[in-house]
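To be precise, the following lines are run32.txt, and they hold compact mmCIF, N, CA and C atoms.
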# COMPACT_ATOMS: atom_id res chain seq x y z
N ILE A 1087 0.85 -1.18 0.00
CA ILE A 1087 0.00 0.00 0.00
C ILE A 1087 0.90 1.24 0.00
N LEU A 1088 0.58 2.17 -0.87
CA LEU A 1088 1.31 3.44 -0.96
C LEU A 1088 0.36 4.55 -0.56
N ALA A 1089 0.79 5.39 0.38
CA ALA A 1089 0.02 6.56 0.80
C ALA A 1089 0.66 7.79 0.18
N THR A 1090 -0.16 8.65 -0.41
CA THR A 1090 0.35 9.88 -1.01
C THR A 1090 -0.42 11.08 -0.47
N GLY A 1091 0.28 12.19 -0.30
CA GLY A 1091 -0.34 13.45 0.06
C GLY A 1091 -0.27 14.37 -1.14
N SER A 1092 -1.02 15.47 -1.08
CA SER A 1092 -1.07 16.36 -2.22
C SER A 1092 -1.45 17.77 -1.79
N TYR A 1093 -1.09 18.74 -2.62
CA TYR A 1093 -1.52 20.11 -2.36
C TYR A 1093 -3.01 20.28 -2.58
N ASP A 1094 -3.70 19.28 -3.15
CA ASP A 1094 -5.15 19.38 -3.29
C ASP A 1094 -5.87 19.02 -1.99
N GLU A 1095 -5.12 18.83 -0.90
CA GLU A 1095 -5.63 18.63 0.46
C GLU A 1095 -6.16 17.23 0.73
N HIS A 1096 -5.82 16.26 -0.12
CA HIS A 1096 -6.26 14.88 0.06
C HIS A 1096 -5.08 13.96 0.32
N VAL A 1097 -5.34 12.89 1.07
CA VAL A 1097 -4.42 11.76 1.18
C VAL A 1097 -5.10 10.61 0.46
N ARG A 1098 -4.31 9.87 -0.34
CA ARG A 1098 -4.86 8.75 -1.10
C ARG A 1098 -4.01 7.50 -0.84
N LEU A 1099 -4.68 6.36 -0.85
CA LEU A 1099 -4.00 5.07 -0.74
C LEU A 1099 -4.10 4.34 -2.06
N PHE A 1100 -2.97 3.76 -2.50
CA PHE A 1100 -2.93 3.00 -3.73
C PHE A 1100 -2.37 1.61 -3.46
N ASP A 1101 -2.85 0.63 -4.20
CA ASP A 1101 -2.30 -0.72 -4.18
C ASP A 1101 -1.27 -0.76 -5.30
N LEU A 1102 0.00 -0.96 -4.95
CA LEU A 1102 1.07 -0.93 -5.95
C LEU A 1102 0.94 -2.05 -6.99
N ARG A 1103 0.16 -3.07 -6.69
CA ARG A 1103 -0.03 -4.15 -7.66
C ARG A 1103 -1.00 -3.76 -8.76
N THR A 1104 -1.79 -2.70 -8.54
CA THR A 1104 -2.82 -2.30 -9.51
C THR A 1104 -2.80 -0.79 -9.70
N LEU A 1105 -1.67 -0.24 -10.07
CA LEU A 1105 -1.55 1.22 -10.18
C LEU A 1105 -2.45 1.85 -11.23
N ALA A 1106 -2.91 1.09 -12.18
CA ALA A 1106 -3.75 1.68 -13.22
C ALA A 1106 -5.16 1.99 -12.70
N ARG A 1107 -5.52 1.47 -11.54
CA ARG A 1107 -6.86 1.67 -10.99
C ARG A 1107 -6.95 2.93 -10.16
N GLU A 1108 -8.17 3.22 -9.75
CA GLU A 1108 -8.44 4.36 -8.86
C GLU A 1108 -7.82 4.09 -7.50
N PRO A 1109 -7.68 5.13 -6.66
CA PRO A 1109 -7.15 4.91 -5.31
C PRO A 1109 -8.05 3.95 -4.52
N LEU A 1110 -7.42 3.21 -3.60
CA LEU A 1110 -8.19 2.34 -2.70
C LEU A 1110 -9.03 3.16 -1.74
N ALA A 1111 -8.47 4.30 -1.33
CA ALA A 1111 -9.16 5.16 -0.37
C ALA A 1111 -8.66 6.59 -0.56
N GLU A 1112 -9.49 7.54 -0.14
CA GLU A 1112 -9.14 8.96 -0.25
C GLU A 1112 -9.83 9.71 0.89
N THR A 1113 -9.12 10.65 1.49
CA THR A 1113 -9.72 11.46 2.56
C THR A 1113 -10.60 12.55 1.96
N ASP A 1114 -11.42 13.13 2.80
CA ASP A 1114 -12.04 14.39 2.46
C ASP A 1114 -10.93 15.44 2.49
N LYS A 1115 -11.23 16.66 2.09
CA LYS A 1115 -10.22 17.72 2.15
C LYS A 1115 -9.78 17.93 3.60
N LEU A 1116 -8.48 18.05 3.80
CA LEU A 1116 -7.91 18.20 5.14
C LEU A 1116 -7.80 19.65 5.59
N GLY A 1117 -8.04 20.59 4.69
CA GLY A 1117 -7.97 22.00 5.06
C GLY A 1117 -6.74 22.70 4.55
N ASP A 1118 -5.73 21.96 4.16
CA ASP A 1118 -4.52 22.49 3.53
C ASP A 1118 -3.75 21.31 2.95
N GLY A 1119 -2.69 21.59 2.24
CA GLY A 1119 -1.93 20.55 1.58
C GLY A 1119 -1.42 19.49 2.53
N ALA A 1120 -1.49 18.23 2.09
CA ALA A 1120 -0.94 17.10 2.84
C ALA A 1120 0.51 16.95 2.42
N TYR A 1121 1.40 17.59 3.17
CA TYR A 1121 2.78 17.75 2.74
C TYR A 1121 3.67 16.56 3.05
N HIS A 1122 3.52 15.97 4.23
CA HIS A 1122 4.37 14.84 4.62
C HIS A 1122 3.53 13.82 5.37
N LEU A 1123 3.77 12.54 5.10
CA LEU A 1123 3.02 11.45 5.73
C LEU A 1123 3.98 10.53 6.47
N SER A 1124 3.49 9.94 7.56
CA SER A 1124 4.32 9.00 8.32
C SER A 1124 3.44 7.89 8.90
N TRP A 1125 3.68 6.64 8.44
CA TRP A 1125 2.98 5.50 9.01
C TRP A 1125 3.47 5.27 10.43
N HIS A 1126 2.57 4.91 11.32
CA HIS A 1126 2.96 4.58 12.69
C HIS A 1126 3.70 3.24 12.66
N PRO A 1127 4.82 3.13 13.40
CA PRO A 1127 5.61 1.90 13.33
C PRO A 1127 4.97 0.68 14.01
N VAL A 1128 3.96 0.87 14.85
CA VAL A 1128 3.33 -0.24 15.57
C VAL A 1128 1.83 -0.32 15.31
N TRP A 1129 1.14 0.80 15.33
CA TRP A 1129 -0.31 0.81 15.14
C TRP A 1129 -0.62 0.68 13.66
N LEU A 1130 -0.89 -0.53 13.22
CA LEU A 1130 -1.14 -0.77 11.80
C LEU A 1130 -2.29 0.08 11.29
N GLY A 1131 -2.10 0.64 10.12
CA GLY A 1131 -3.15 1.44 9.50
C GLY A 1131 -3.28 2.85 10.05
N THR A 1132 -2.31 3.29 10.86
CA THR A 1132 -2.37 4.63 11.43
C THR A 1132 -1.34 5.52 10.73
N LEU A 1133 -1.79 6.67 10.28
CA LEU A 1133 -0.97 7.57 9.46
C LEU A 1133 -1.06 8.99 10.00
N ALA A 1134 0.09 9.62 10.22
CA ALA A 1134 0.14 11.03 10.62
C ALA A 1134 0.41 11.86 9.36
N VAL A 1135 -0.21 13.03 9.30
CA VAL A 1135 -0.09 13.91 8.14
C VAL A 1135 0.32 15.30 8.59
N SER A 1136 1.33 15.87 7.96
CA SER A 1136 1.64 17.29 8.13
C SER A 1136 0.77 18.03 7.13
N ALA A 1137 -0.24 18.73 7.64
CA ALA A 1137 -1.20 19.39 6.75
C ALA A 1137 -1.01 20.90 6.77
N MET A 1138 0.22 21.34 6.77
CA MET A 1138 0.59 22.74 6.67
C MET A 1138 -0.18 23.61 7.67
N ARG A 1139 -1.09 24.46 7.24
CA ARG A 1139 -1.82 25.36 8.16
C ARG A 1139 -2.95 24.65 8.92
N SER A 1140 -3.24 23.40 8.58
CA SER A 1140 -4.35 22.68 9.21
C SER A 1140 -3.88 21.69 10.28
N GLY A 1141 -2.68 21.83 10.75
CA GLY A 1141 -2.21 21.01 11.85
C GLY A 1141 -1.75 19.63 11.44
N LEU A 1142 -1.94 18.70 12.37
CA LEU A 1142 -1.42 17.35 12.24
C LEU A 1142 -2.57 16.34 12.38
N PRO A 1143 -3.29 16.04 11.29
CA PRO A 1143 -4.35 15.04 11.38
C PRO A 1143 -3.77 13.64 11.50
N LEU A 1144 -4.42 12.81 12.30
CA LEU A 1144 -4.07 11.40 12.43
C LEU A 1144 -5.19 10.61 11.77
N LEU A 1145 -4.83 9.75 10.83
CA LEU A 1145 -5.80 9.00 10.04
C LEU A 1145 -5.71 7.52 10.37
N ARG A 1146 -6.80 6.82 10.12
CA ARG A 1146 -6.85 5.38 10.34
C ARG A 1146 -7.45 4.73 9.10
N VAL A 1147 -6.80 3.69 8.59
CA VAL A 1147 -7.35 2.91 7.49
C VAL A 1147 -8.45 2.03 8.08
N CYS A 1148 -9.63 2.11 7.49
CA CYS A 1148 -10.79 1.39 8.04
C CYS A 1148 -11.25 0.29 7.10
N GLY A 1149 -10.73 -0.89 7.27
CA GLY A 1149 -11.20 -2.07 6.54
C GLY A 1149 -11.06 -1.98 5.04
N ASP A 1150 -11.53 -3.02 4.38
CA ASP A 1150 -11.46 -3.08 2.93
C ASP A 1150 -12.38 -2.05 2.30
N ASN A 1151 -11.80 -1.12 1.57
CA ASN A 1151 -12.54 -0.08 0.84
C ASN A 1151 -13.41 0.80 1.73
N ALA A 1152 -13.17 0.81 3.03
CA ALA A 1152 -13.97 1.66 3.92
C ALA A 1152 -13.36 3.04 4.05
N GLY A 1153 -12.17 3.22 3.54
CA GLY A 1153 -11.59 4.55 3.49
C GLY A 1153 -10.63 4.88 4.60
N LEU A 1154 -10.30 6.15 4.66
CA LEU A 1154 -9.42 6.72 5.66
C LEU A 1154 -10.25 7.63 6.54
N LYS A 1155 -10.21 7.41 7.82
CA LYS A 1155 -10.98 8.22 8.76
C LYS A 1155 -10.04 8.97 9.69
N GLU A 1156 -10.32 10.25 9.90
CA GLU A 1156 -9.54 11.04 10.84
C GLU A 1156 -10.02 10.73 12.26
N TRP A 1157 -9.08 10.42 13.17
CA TRP A 1157 -9.47 10.12 14.54
C TRP A 1157 -8.92 11.11 15.55
N ALA A 1158 -8.01 11.97 15.13
CA ALA A 1158 -7.50 13.02 16.00
C ALA A 1158 -6.82 14.06 15.13
N ARG A 1159 -6.67 15.26 15.69
CA ARG A 1159 -5.93 16.32 14.99
C ARG A 1159 -5.28 17.20 16.04
N TYR A 1160 -3.99 17.43 15.87
CA TYR A 1160 -3.22 18.25 16.80
C TYR A 1160 -2.90 19.59 16.16
N ALA A 1161 -2.89 20.63 16.97
CA ALA A 1161 -2.54 21.99 16.56
C ALA A 1161 -3.51 22.59 15.55
N VAL A 1162 -4.72 22.08 15.50
CA VAL A 1162 -5.67 22.59 14.52
C VAL A 1162 -6.09 24.02 14.85
N ASP A 1163 -6.13 24.38 16.14
CA ASP A 1163 -6.57 25.72 16.52
C ASP A 1163 -5.42 26.70 16.71
N ALA A 1164 -4.19 26.25 16.51
CA ALA A 1164 -3.04 27.12 16.71
C ALA A 1164 -2.95 28.11 15.54
N ALA A 1165 -2.77 29.35 15.88
CA ALA A 1165 -2.60 30.35 14.83
C ALA A 1165 -1.27 30.12 14.13
N GLU A 1166 -1.21 30.48 12.85
CA GLU A 1166 0.06 30.34 12.13
C GLU A 1166 1.14 31.07 12.91
N GLY A 1167 2.23 30.40 13.14
CA GLY A 1167 3.30 30.98 13.95
C GLY A 1167 3.34 30.36 15.33
N GLU A 1168 2.17 29.94 15.88
CA GLU A 1168 2.17 29.31 17.19
C GLU A 1168 2.54 27.84 17.09
N HIS A 1169 2.03 27.14 16.06
CA HIS A 1169 2.46 25.76 15.87
C HIS A 1169 3.90 25.77 15.41
N GLY A 1170 4.26 26.76 14.69
CA GLY A 1170 5.54 26.82 14.02
C GLY A 1170 5.25 27.07 12.56
N SER A 1171 4.50 28.10 12.32
CA SER A 1171 4.05 28.51 10.99
C SER A 1171 3.38 27.34 10.27
N LEU A 1172 4.04 26.70 9.34
CA LEU A 1172 3.43 25.65 8.56
C LEU A 1172 4.01 24.29 8.94
N ALA A 1173 3.15 23.31 9.17
CA ALA A 1173 3.62 21.96 9.52
C ALA A 1173 4.09 21.26 8.24
N TYR A 1174 5.39 21.03 8.16
CA TYR A 1174 5.97 20.42 6.96
C TYR A 1174 6.59 19.05 7.20
N GLY A 1175 6.66 18.59 8.42
CA GLY A 1175 7.25 17.28 8.68
C GLY A 1175 6.58 16.65 9.88
N VAL A 1176 6.59 15.31 9.91
CA VAL A 1176 6.01 14.59 11.05
C VAL A 1176 6.73 13.25 11.19
N SER A 1177 6.90 12.83 12.45
CA SER A 1177 7.54 11.55 12.72
C SER A 1177 7.03 11.01 14.04
N TRP A 1178 7.20 9.71 14.25
CA TRP A 1178 6.76 9.02 15.46
C TRP A 1178 7.95 8.63 16.32
N ARG A 1179 7.73 8.60 17.63
CA ARG A 1179 8.78 8.15 18.57
C ARG A 1179 8.10 7.60 19.82
N TYR A 1180 8.62 6.48 20.31
CA TYR A 1180 8.11 5.92 21.56
C TYR A 1180 8.87 6.54 22.72
N ALA A 1181 8.14 6.95 23.77
CA ALA A 1181 8.75 7.53 24.97
C ALA A 1181 8.64 6.51 26.11
N PRO A 1182 9.67 5.69 26.34
CA PRO A 1182 9.58 4.66 27.37
C PRO A 1182 9.31 5.22 28.76
N SER A 1183 9.85 6.38 29.06
CA SER A 1183 9.66 6.95 30.40
C SER A 1183 8.20 7.28 30.68
N ALA A 1184 7.44 7.58 29.64
CA ALA A 1184 6.02 7.91 29.79
C ALA A 1184 5.12 6.77 29.31
N SER A 1185 5.71 5.70 28.80
CA SER A 1185 4.96 4.58 28.22
C SER A 1185 3.92 5.08 27.22
N SER A 1186 4.33 6.01 26.36
CA SER A 1186 3.40 6.54 25.38
C SER A 1186 4.12 6.87 24.08
N TRP A 1187 3.32 7.09 23.04
CA TRP A 1187 3.86 7.48 21.74
C TRP A 1187 3.79 8.99 21.59
N LEU A 1188 4.80 9.51 20.90
CA LEU A 1188 4.88 10.93 20.61
C LEU A 1188 4.88 11.12 19.10
N ALA A 1189 4.28 12.20 18.67
CA ALA A 1189 4.39 12.63 17.27
C ALA A 1189 5.12 13.97 17.30
N ALA A 1190 6.11 14.10 16.47
CA ALA A 1190 6.85 15.36 16.37
C ALA A 1190 6.54 15.99 15.03
N SER A 1191 6.20 17.27 15.05
CA SER A 1191 5.94 18.00 13.81
C SER A 1191 6.94 19.14 13.71
N ALA A 1192 7.29 19.47 12.49
CA ALA A 1192 8.34 20.47 12.28
C ALA A 1192 7.95 21.46 11.20
N SER A 1193 8.56 22.64 11.30
CA SER A 1193 8.40 23.68 10.29
C SER A 1193 9.78 24.27 10.00
N PHE A 1194 10.08 24.45 8.73
CA PHE A 1194 11.38 25.04 8.43
C PHE A 1194 11.33 26.57 8.41
N TYR A 1195 10.12 27.16 8.35
CA TYR A 1195 10.03 28.61 8.31
C TYR A 1195 10.59 29.24 9.57
N ASP A 1196 10.21 28.72 10.72
CA ASP A 1196 10.73 29.28 11.98
C ASP A 1196 11.63 28.28 12.71
N ARG A 1197 12.02 27.22 12.01
CA ARG A 1197 12.93 26.21 12.56
C ARG A 1197 12.41 25.63 13.87
N SER A 1198 11.13 25.32 13.92
CA SER A 1198 10.53 24.83 15.17
C SER A 1198 10.26 23.33 15.09
N LEU A 1199 10.24 22.73 16.27
CA LEU A 1199 9.87 21.34 16.43
C LEU A 1199 8.87 21.27 17.56
N HIS A 1200 7.73 20.63 17.32
CA HIS A 1200 6.69 20.50 18.34
C HIS A 1200 6.46 19.02 18.59
N VAL A 1201 6.31 18.65 19.85
CA VAL A 1201 6.12 17.26 20.23
C VAL A 1201 4.75 17.11 20.87
N TRP A 1202 4.00 16.11 20.41
CA TRP A 1202 2.63 15.87 20.85
C TRP A 1202 2.54 14.47 21.44
N SER A 1203 1.95 14.35 22.61
CA SER A 1203 1.67 13.05 23.20
C SER A 1203 0.39 12.53 22.56
N VAL A 1204 0.47 11.33 22.01
CA VAL A 1204 -0.65 10.79 21.23
C VAL A 1204 -1.29 9.62 21.97
N GLY A 1205 -2.59 9.71 22.15
CA GLY A 1205 -3.34 8.63 22.79
C GLY A 1205 -3.51 7.45 21.85
N GLN A 1206 -3.95 6.36 22.41
CA GLN A 1206 -4.19 5.13 21.65
C GLN A 1206 -5.26 5.37 20.60
N PRO A 1207 -5.09 4.87 19.37
CA PRO A 1207 -6.13 5.05 18.36
C PRO A 1207 -7.37 4.21 18.68
N PRO A 1208 -8.50 4.59 18.12
CA PRO A 1208 -9.70 3.78 18.33
C PRO A 1208 -9.52 2.41 17.68
N PRO A 1209 -10.21 1.40 18.15
CA PRO A 1209 -10.08 0.07 17.53
C PRO A 1209 -10.59 0.11 16.09
N LEU A 1210 -10.00 -0.74 15.29
CA LEU A 1210 -10.47 -0.86 13.90
C LEU A 1210 -11.84 -1.53 13.90
N PRO A 1211 -12.73 -1.09 13.02
CA PRO A 1211 -14.06 -1.71 12.97
C PRO A 1211 -13.95 -3.18 12.55
N ALA A 1212 -14.87 -3.99 13.05
CA ALA A 1212 -14.91 -5.41 12.67
C ALA A 1212 -15.26 -5.52 11.20
N GLU A 1213 -14.62 -6.47 10.54
CA GLU A 1213 -14.86 -6.64 9.09
C GLU A 1213 -15.92 -7.66 8.83

Can the structure from this file be put into structure tokens for me?
Amino acid sequence: ILATGSYDEHVRLFDLRTLAREPLAETDKLGDGAYHLSWHPVWLGTLAVSAMRSGLPLLRVCGDNAGLKEWARYAVDAAEGEHGSLAYGVSWRYAPSASSWLAASASFYDRSLHVWSVGQPPPLPAE
């Protein structure tokens, strides 16, 4: 599975075995360009998106052809400049001292790095 972001504000999933077909799944508009994507290293089907001025949406792949659903969003209410202008990068890290996962988002405009404590994703729907 290949996940792609775009300046058209969508994230799309493609099956690399059938590239000539339509995407397997596509988000609604995220509010700004989906600049950088990062799959969670443990939570299967969980994807973080750097959505520039729209913060850091966390998406979940929901079953066969059920699409991508947003289950959380960080920094959505932060004014430009408070998050670190535009969110252009995202990555995951486990924090053993807190027994929790962190998402780090970055902006090159003001050289900022923001770290978010991320709760457990909702369970995947039964198929």

Open item on the list: Applying 7 Å and only C-alpha atoms, which residues near Gly1119 in chain A remain after dropping the ones on its own chain fewer than 2 positions away? List them as number ranges by chain.
Closed with: A: 1092-1095, 1121, 1137-1138

Task: From A:Arg1103, A:Leu1172, A:Ser1183, A:Arg1197, residue lying nearest Leu1088 in chain A [all atoms listed in the file] - done: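 Among the listed residues, A:Arg1103 lies closest to Leu1088 in chain A.
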
TODO: Rank nothing, just name the residue among A:Ala1189, A:Leu1199, A:Ala1089, A:Leu1102 nearest to Leu1123 in chain A, using all atoms listed in the file.
DONE: A:Ala1089

- [ ] For atom C of Tyr1180 in chain A and atom C of Gly1149 in chain A, determine how far apart the two atoms are, in Å to one decimal place.
- [x] 28.0 Å

Open item on the list: So that I can check the surroundings of Gly1153 in chain A, please list as JSON, numbers by chain every protein, DNA and RNA residue that reaches within 5 Å of it, counting all atoms listed in the file and ignoring chain neighbours fewer than 5 positions away.
Closed with: {"A": [1111, 1147, 1148]}

Task: Point-to-point distance in Å for CA of Ser1191 in chain A and CA of Ser1177 in chain A - done: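 Between CA of Ser1177 in chain A and CA of Ser1191 in chain A the gap works out to 6.7 Å.
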
Name the residues of range 1096-1163 of chain A that fall into strand (DSSP E) according to DSSP on the backbone, using the chain letters and numbers of this document, as a PDB file with N, CA and C atoms, in the frame of the given file.
ATOM      1  N   VAL A1097      -5.340  12.890   1.070  1.00  0.00           N
ATOM      2  CA  VAL A1097      -4.420  11.760   1.180  1.00  0.00           C
ATOM      3  C   VAL A1097      -5.100  10.610   0.460  1.00  0.00           C
ATOM      4  N   ARG A1098      -4.310   9.870  -0.340  1.00  0.00           N
ATOM      5  CA  ARG A1098      -4.860   8.750  -1.100  1.00  0.00           C
ATOM      6  C   ARG A1098      -4.010   7.500  -0.840  1.00  0.00           C
ATOM      7  N   LEU A1099      -4.680   6.360  -0.850  1.00  0.00           N
ATOM      8  CA  LEU A1099      -4.000   5.070  -0.740  1.00  0.00           C
ATOM      9  C   LEU A1099      -4.100   4.340  -2.060  1.00  0.00           C
ATOM     10  N   PHE A1100      -2.970   3.760  -2.500  1.00  0.00           N
ATOM     11  CA  PHE A1100      -2.930   3.000  -3.730  1.00  0.00           C
ATOM     12  C   PHE A1100      -2.370   1.610  -3.460  1.00  0.00           C
ATOM     13  N   ALA A1111      -8.470   4.300  -1.330  1.00  0.00           N
ATOM     14  CA  ALA A1111      -9.160   5.160  -0.370  1.00  0.00           C
ATOM     15  C   ALA A1111      -8.660   6.590  -0.560  1.00  0.00           C
ATOM     16  N   GLU A1112      -9.490   7.540  -0.140  1.00  0.00           N
ATOM     17  CA  GLU A1112      -9.140   8.960  -0.250  1.00  0.00           C
ATOM     18  C   GLU A1112      -9.830   9.710   0.890  1.00  0.00           C
ATOM     19  N   HIS A1122       3.520  15.970   4.230  1.00  0.00           N
ATOM     20  CA  HIS A1122       4.370  14.840   4.620  1.00  0.00           C
ATOM     21  C   HIS A1122       3.530  13.820   5.370  1.00  0.00           C
ATOM     22  N   LEU A1123       3.770  12.540   5.100  1.00  0.00           N
ATOM     23  CA  LEU A1123       3.020  11.450   5.730  1.00  0.00           C
ATOM     24  C   LEU A1123       3.980  10.530   6.470  1.00  0.00           C
ATOM     25  N   SER A1124       3.490   9.940   7.560  1.00  0.00           N
ATOM     26  CA  SER A1124       4.320   9.000   8.320  1.00  0.00           C
ATOM     27  C   SER A1124       3.440   7.890   8.900  1.00  0.00           C
ATOM     28  N   TRP A1125       3.680   6.640   8.440  1.00  0.00           N
ATOM     29  CA  TRP A1125       2.980   5.500   9.010  1.00  0.00           C
ATOM     30  C   TRP A1125       3.470   5.270  10.430  1.00  0.00           C
ATOM     31  N   THR A1132      -2.310   3.290  10.860  1.00  0.00           N
ATOM     32  CA  THR A1132      -2.370   4.630  11.430  1.00  0.00           C
ATOM     33  C   THR A1132      -1.340   5.520  10.730  1.00  0.00           C
ATOM     34  N   LEU A1133      -1.790   6.670  10.280  1.00  0.00           N
ATOM     35  CA  LEU A1133      -0.970   7.570   9.460  1.00  0.00           C
ATOM     36  C   LEU A1133      -1.060   8.990  10.000  1.00  0.00           C
ATOM     37  N   ALA A1134       0.090   9.620  10.220  1.00  0.00           N
ATOM     38  CA  ALA A1134       0.140  11.030  10.620  1.00  0.00           C
ATOM     39  C   ALA A1134       0.410  11.860   9.360  1.00  0.00           C
ATOM     40  N   VAL A1135      -0.210  13.030   9.300  1.00  0.00           N
ATOM     41  CA  VAL A1135      -0.090  13.910   8.140  1.00  0.00           C
ATOM     42  C   VAL A1135       0.320  15.300   8.590  1.00  0.00           C
ATOM     43  N   SER A1136       1.330  15.870   7.960  1.00  0.00           N
ATOM     44  CA  SER A1136       1.640  17.290   8.130  1.00  0.00           C
ATOM     45  C   SER A1136       0.770  18.030   7.130  1.00  0.00           C
ATOM     46  N   LEU A1142      -1.940  18.700  12.370  1.00  0.00           N
ATOM     47  CA  LEU A1142      -1.420  17.350  12.240  1.00  0.00           C
ATOM     48  C   LEU A1142      -2.570  16.340  12.380  1.00  0.00           C
ATOM     49  N   PRO A1143      -3.290  16.040  11.290  1.00  0.00           N
ATOM     50  CA  PRO A1143      -4.350  15.040  11.380  1.00  0.00           C
ATOM     51  C   PRO A1143      -3.770  13.640  11.500  1.00  0.00           C
ATOM     52  N   LEU A1144      -4.420  12.810  12.300  1.00  0.00           N
ATOM     53  CA  LEU A1144      -4.070  11.400  12.430  1.00  0.00           C
ATOM     54  C   LEU A1144      -5.190  10.610  11.770  1.00  0.00           C
ATOM     55  N   LEU A1145      -4.830   9.750  10.830  1.00  0.00           N
ATOM     56  CA  LEU A1145      -5.800   9.000  10.040  1.00  0.00           C
ATOM     57  C   LEU A1145      -5.710   7.520  10.370  1.00  0.00           C
ATOM     58  N   ARG A1146      -6.800   6.820  10.120  1.00  0.00           N
ATOM     59  CA  ARG A1146      -6.850   5.380  10.340  1.00  0.00           C
ATOM     60  C   ARG A1146      -7.450   4.730   9.100  1.00  0.00           C
ATOM     61  N   VAL A1147      -6.800   3.690   8.590  1.00  0.00           N
ATOM     62  CA  VAL A1147      -7.350   2.910   7.490  1.00  0.00           C
ATOM     63  C   VAL A1147      -8.450   2.030   8.080  1.00  0.00           C
ATOM     64  N   LEU A1154     -10.300   6.150   4.660  1.00  0.00           N
ATOM     65  CA  LEU A1154      -9.420   6.720   5.660  1.00  0.00           C
ATOM     66  C   LEU A1154     -10.250   7.630   6.540  1.00  0.00           C
ATOM     67  N   LYS A1155     -10.210   7.410   7.820  1.00  0.00           N
ATOM     68  CA  LYS A1155     -10.980   8.220   8.760  1.00  0.00           C
ATOM     69  C   LYS A1155     -10.040   8.970   9.690  1.00  0.00           C
ATOM     70  N   GLU A1156     -10.320  10.250   9.900  1.00  0.00           N
ATOM     71  CA  GLU A1156      -9.540  11.040  10.840  1.00  0.00           C
ATOM     72  C   GLU A1156     -10.020  10.730  12.260  1.00  0.00           C
ATOM     73  N   TRP A1157      -9.080  10.420  13.170  1.00  0.00           N
ATOM     74  CA  TRP A1157      -9.470  10.120  14.540  1.00  0.00           C
ATOM     75  C   TRP A1157      -8.920  11.110  15.550  1.00  0.00           C
ATOM     76  N   ALA A1158      -8.010  11.970  15.130  1.00  0.00           N
ATOM     77  CA  ALA A1158      -7.500  13.020  16.000  1.00  0.00           C
ATOM     78  C   ALA A1158      -6.820  14.060  15.130  1.00  0.00           C
ATOM     79  N   ARG A1159      -6.670  15.260  15.690  1.00  0.00           N
ATOM     80  CA  ARG A1159      -5.930  16.320  14.990  1.00  0.00           C
ATOM     81  C   ARG A1159      -5.280  17.200  16.040  1.00  0.00           C
ATOM     82  N   TYR A1160      -3.990  17.430  15.870  1.00  0.00           N
ATOM     83  CA  TYR A1160      -3.220  18.250  16.800  1.00  0.00           C
ATOM     84  C   TYR A1160      -2.900  19.590  16.160  1.00  0.00           C
TER      85      TYR A1160
END

Within 8 Å of Ser1186 in chain A using all atoms listed in the file, minus same-chain residues under 6 positions, as a PDB file with N, CA and C atoms, keeping the file's coordinate frame:
ATOM      1  N   ARG A1179       7.730   8.600  17.630  1.00  0.00           N
ATOM      2  CA  ARG A1179       8.780   8.150  18.570  1.00  0.00           C
ATOM      3  C   ARG A1179       8.100   7.600  19.820  1.00  0.00           C
ATOM      4  N   TYR A1180       8.620   6.480  20.310  1.00  0.00           N
ATOM      5  CA  TYR A1180       8.110   5.920  21.560  1.00  0.00           C
ATOM      6  C   TYR A1180       8.870   6.540  22.720  1.00  0.00           C
ATOM      7  N   SER A1203       1.950  14.350  22.610  1.00  0.00           N
ATOM      8  CA  SER A1203       1.670  13.050  23.200  1.00  0.00           C
ATOM      9  C   SER A1203       0.390  12.530  22.560  1.00  0.00           C
ATOM     10  N   VAL A1204       0.470  11.330  22.010  1.00  0.00           N
ATOM     11  CA  VAL A1204      -0.650  10.790  21.230  1.00  0.00           C
ATOM     12  C   VAL A1204      -1.290   9.620  21.970  1.00  0.00           C
ATOM     13  N   GLY A1205      -2.590   9.710  22.150  1.00  0.00           N
ATOM     14  CA  GLY A1205      -3.340   8.630  22.790  1.00  0.00           C
ATOM     15  C   GLY A1205      -3.510   7.450  21.850  1.00  0.00           C
ATOM     16  N   GLN A1206      -3.950   6.360  22.410  1.00  0.00           N
ATOM     17  CA  GLN A1206      -4.190   5.130  21.650  1.00  0.00           C
ATOM     18  C   GLN A1206      -5.260   5.370  20.600  1.00  0.00           C
TER      19      GLN A1206
END

Task: One-decimal distance in Å that lies between atom N of Asp1196 in chain A and atom C of Thr1132 in chain A - done: 25.9 Å

TODO: May I ask which of the residues A:Leu1154, A:Leu1099, A:Gly1091, A:Lys1115 is the closest one to Ser1136 in chain A, counting only C-alpha atoms?
DONE: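 Nearest candidate to Ser1136 in chain A out of A:Leu1154, A:Leu1099, A:Gly1091, A:Lys1115: A:Gly1091.
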
Task: Best match for closeness to Arg1139 in chain A among A:Arg1098, A:Gly1175, A:Asp1118, A:Glu1108, counting only N, CA and C atoms - done: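 Between A:Arg1098, A:Gly1175, A:Asp1118, A:Glu1108, the residue approaching Arg1139 in chain A most closely is A:Asp1118.
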
Task: Counting only N, CA and C atoms, the option among A:Val1128, A:Ala1173, A:Leu1105, A:Ala1161 closest to Ser1193 in chain A - done: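 Ranking A:Val1128, A:Ala1173, A:Leu1105, A:Ala1161 by distance to Ser1193 in chain A, first place goes to A:Ala1173.
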